[in-house]
Amino acid sequence: PAPRTRGSAPAITPIQQMIASCSGAILTSLFVTPLDVVKIRLQAQKHPFPKGKCFVYCNGLMDHICVCENGNSKAWYKAPGHFTGTLDAFMKIIRREGLRSLWSGLPPTLVMAVPATVIYFTCYDQLCAALRANVGGLSEQAPLLAGAIARLGSATVISPLELIRTKMQAQKQSYGQLSECVRSAVHNEGWLSLWRGLGPTLLRDVPFSALYWYNYEWGKRWLSTRCNWGESSFLVTFTVGALSGSVAAVLTLPFDVVKTRRQVELGELQIMNLPAKVSPTTYHVMKRIVTENGVKGLFAGFLPRLIKVAPACAIMISTYEYGKAFFRQHNRERAAALLRAGP
């Protein structure tokens, strides 16, 4: 029989939640990746990437460190072309290199981004439901706590994979050589080395997630009440997803700047096979940024981050909610058919 929540409304299973979040993750990547590809091409045109250096690439779900290839002029981020702006870059890339080039670099990152997103969204829903059911007095704070815990778990799981992927890419290793790569890292630097750089990631992602889910759940209730729309309507989830993502992105931007800087530095140490130095604390990195660039340095990349985060959050959450609504309806119809069929 179909699963049920309190009362008589059919619930959805964790497997159905996973399918809904997986669909959302793939759709988000397909929509947001071209924005980052164009951004990186414009960035590479203005400041060519030196070989052996790293840059951050995002598919709308996760940030990934990419290694500038040694002397490969055919790399997608080095492709020739003079662009005067974002729209001009879109048009010229499509005309000269074909539509598929806007999704350059996507497949390897999806290997980690989609599973991490599935774990994150499914854990959030399960935790939020459990907190609301078992701790009635904290029902308002349930999204805040569930969002923070779910991100803590998914980021911790995926962190070693990101570090290993950067090392594999730097040393031109295949996925078949993955176990050797892990063994080498553990033998030389110990198990904890696989989670190096996790701290700054958590400092950005955990507050982002807590703020995002709290604002999303509150905004969804408020907007649906004010406009007399259903909480699961596409327009409500899309609008509130974009707004809550934007608010969380702005409030956590200084941690994003610190995280990106440390992630790039760590990636470059991996490439050169140098032992990682004792990583400076977040406070010291922030102090260094303020000394070099002033307070405004902590908010570098404000507009690009907002342009990327708002649509990514909106597409992901609205697709996820649509998928859950589809499965709820499916379970409801299945339960009704079983009742009609009788014992």
# chains A, B, ... in the order shown; residues from 1 in each chain; ligands from 1
$ residues_around --residues "A:Lys46" --least-positions-apart "4" --cutoff "10 Å" --atoms "only C-alpha atoms" --output "list in words"
Ile40, Arg41, Leu42, His82 and Phe83 of chain A
$ select_by_dssp --residues "stretch 136-318 of chain A" --states "helix (DSSP H, G or I)" --output "PyMOL selection string"
chain A and resi 136-138+142-170+175-189+191-195+198-227+234-251+253-271+282-293+295-299+302-318
$ closest_atom_pairs --of "stretch 119-140 of chain A" --to "stretch 214-235 of chain A" --cutoff "12 Å" --atoms "only C-alpha atoms" --output "tab-separated table"
residue	atom	partner	partner_atom	distance
A:Tyr124	CA	A:Tyr214	CA	11.6
A:Asp125	CA	A:Glu217	CA	11.7
A:Cys128	CA	A:Tyr214	CA	10.8
A:Ser139	CA	A:Tyr214	CA	11.0
A:Glu140	CA	A:Tyr214	CA	8.4
$ closest_residue --among "A:Ala242, A:Ala341, A:Val250, A:Ala336" --to "A:Gly301" --atoms "only C-alpha atoms"
A:Val250
$ atom_distance --atom1 "atom CA of A:Leu127" --atom2 "atom CA of A:Thr239"
24.1 Å
$ select_by_dssp --residues "stretch 8-91 of chain A" --states "strand (DSSP E or B)" --output "VMD selection string"
chain A and resid 10 54 to 58 63 to 67
$ residues_around --residues "A:Arg288" --least-positions-apart "4" --cutoff "12 Å" --atoms "only C-alpha atoms" --output "mmCIF file with N, CA, C and O atoms, in the first residue's frame"
data_model
loop_
_atom_site.group_PDB
_atom_site.id
_atom_site.type_symbol
_atom_site.label_atom_id
_atom_site.label_comp_id
_atom_site.auth_asym_id
_atom_site.auth_seq_id
_atom_site.Cartn_x
_atom_site.Cartn_y
_atom_site.Cartn_z
ATOM 1 N N VAL A 257 33.905 33.925 -0.565
ATOM 2 C CA VAL A 257 35.169 34.479 -1.070
ATOM 3 C C VAL A 257 36.350 33.758 -0.419
ATOM 4 O O VAL A 257 37.309 33.359 -1.103
ATOM 5 N N VAL A 258 36.273 33.573 0.900
ATOM 6 C CA VAL A 258 37.338 32.885 1.640
ATOM 7 C C VAL A 258 37.455 31.434 1.172
ATOM 8 O O VAL A 258 38.553 30.930 0.919
ATOM 9 N N ARG A 261 39.059 31.135 -2.327
ATOM 10 C CA ARG A 261 40.504 31.408 -2.300
ATOM 11 C C ARG A 261 41.272 30.216 -1.729
ATOM 12 O O ARG A 261 42.281 29.785 -2.294
ATOM 13 N N PRO A 280 45.732 28.586 6.973
ATOM 14 C CA PRO A 280 45.383 29.709 7.838
ATOM 15 C C PRO A 280 43.902 29.650 8.197
ATOM 16 O O PRO A 280 43.092 29.112 7.451
ATOM 17 N N THR A 281 43.553 30.208 9.340
ATOM 18 C CA THR A 281 42.154 30.191 9.756
ATOM 19 C C THR A 281 41.334 31.119 8.856
ATOM 20 O O THR A 281 41.886 31.987 8.157
ATOM 21 N N THR A 282 40.023 30.945 8.910
ATOM 22 C CA THR A 282 39.122 31.802 8.129
ATOM 23 C C THR A 282 39.322 33.268 8.509
ATOM 24 O O THR A 282 39.352 34.138 7.638
ATOM 25 N N TYR A 283 39.516 33.516 9.808
ATOM 26 C CA TYR A 283 39.721 34.890 10.266
ATOM 27 C C TYR A 283 40.962 35.505 9.621
ATOM 28 O O TYR A 283 40.938 36.654 9.170
ATOM 29 N N HIS A 284 42.069 34.731 9.563
ATOM 30 C CA HIS A 284 43.313 35.261 8.985
ATOM 31 C C HIS A 284 43.184 35.487 7.480
ATOM 32 O O HIS A 284 43.739 36.446 6.942
ATOM 33 N N GLU A 292 44.508 43.569 1.682
ATOM 34 C CA GLU A 292 44.873 43.700 0.264
ATOM 35 C C GLU A 292 43.843 44.490 -0.543
ATOM 36 O O GLU A 292 44.204 45.275 -1.418
ATOM 37 N N ASN A 293 42.552 44.271 -0.266
ATOM 38 C CA ASN A 293 41.507 44.837 -1.140
ATOM 39 C C ASN A 293 40.457 45.672 -0.416
ATOM 40 O O ASN A 293 39.494 46.107 -1.038
ATOM 41 N N GLY A 294 40.618 45.829 0.894
ATOM 42 C CA GLY A 294 39.600 46.556 1.643
ATOM 43 C C GLY A 294 38.406 45.659 1.958
ATOM 44 O O GLY A 294 38.349 44.509 1.520
ATOM 45 N N VAL A 295 37.437 46.211 2.690
ATOM 46 C CA VAL A 295 36.254 45.435 3.080
ATOM 47 C C VAL A 295 35.494 44.951 1.848
ATOM 48 O O VAL A 295 34.913 43.860 1.840
ATOM 49 N N GLY A 297 36.576 43.714 -0.672
ATOM 50 C CA GLY A 297 37.161 42.473 -1.168
ATOM 51 C C GLY A 297 36.411 41.248 -0.671
ATOM 52 O O GLY A 297 36.403 40.207 -1.330
ATOM 53 N N LEU A 298 35.763 41.367 0.507
ATOM 54 C CA LEU A 298 34.987 40.248 1.059
ATOM 55 C C LEU A 298 33.685 40.031 0.291
ATOM 56 O O LEU A 298 33.031 39.001 0.441
#
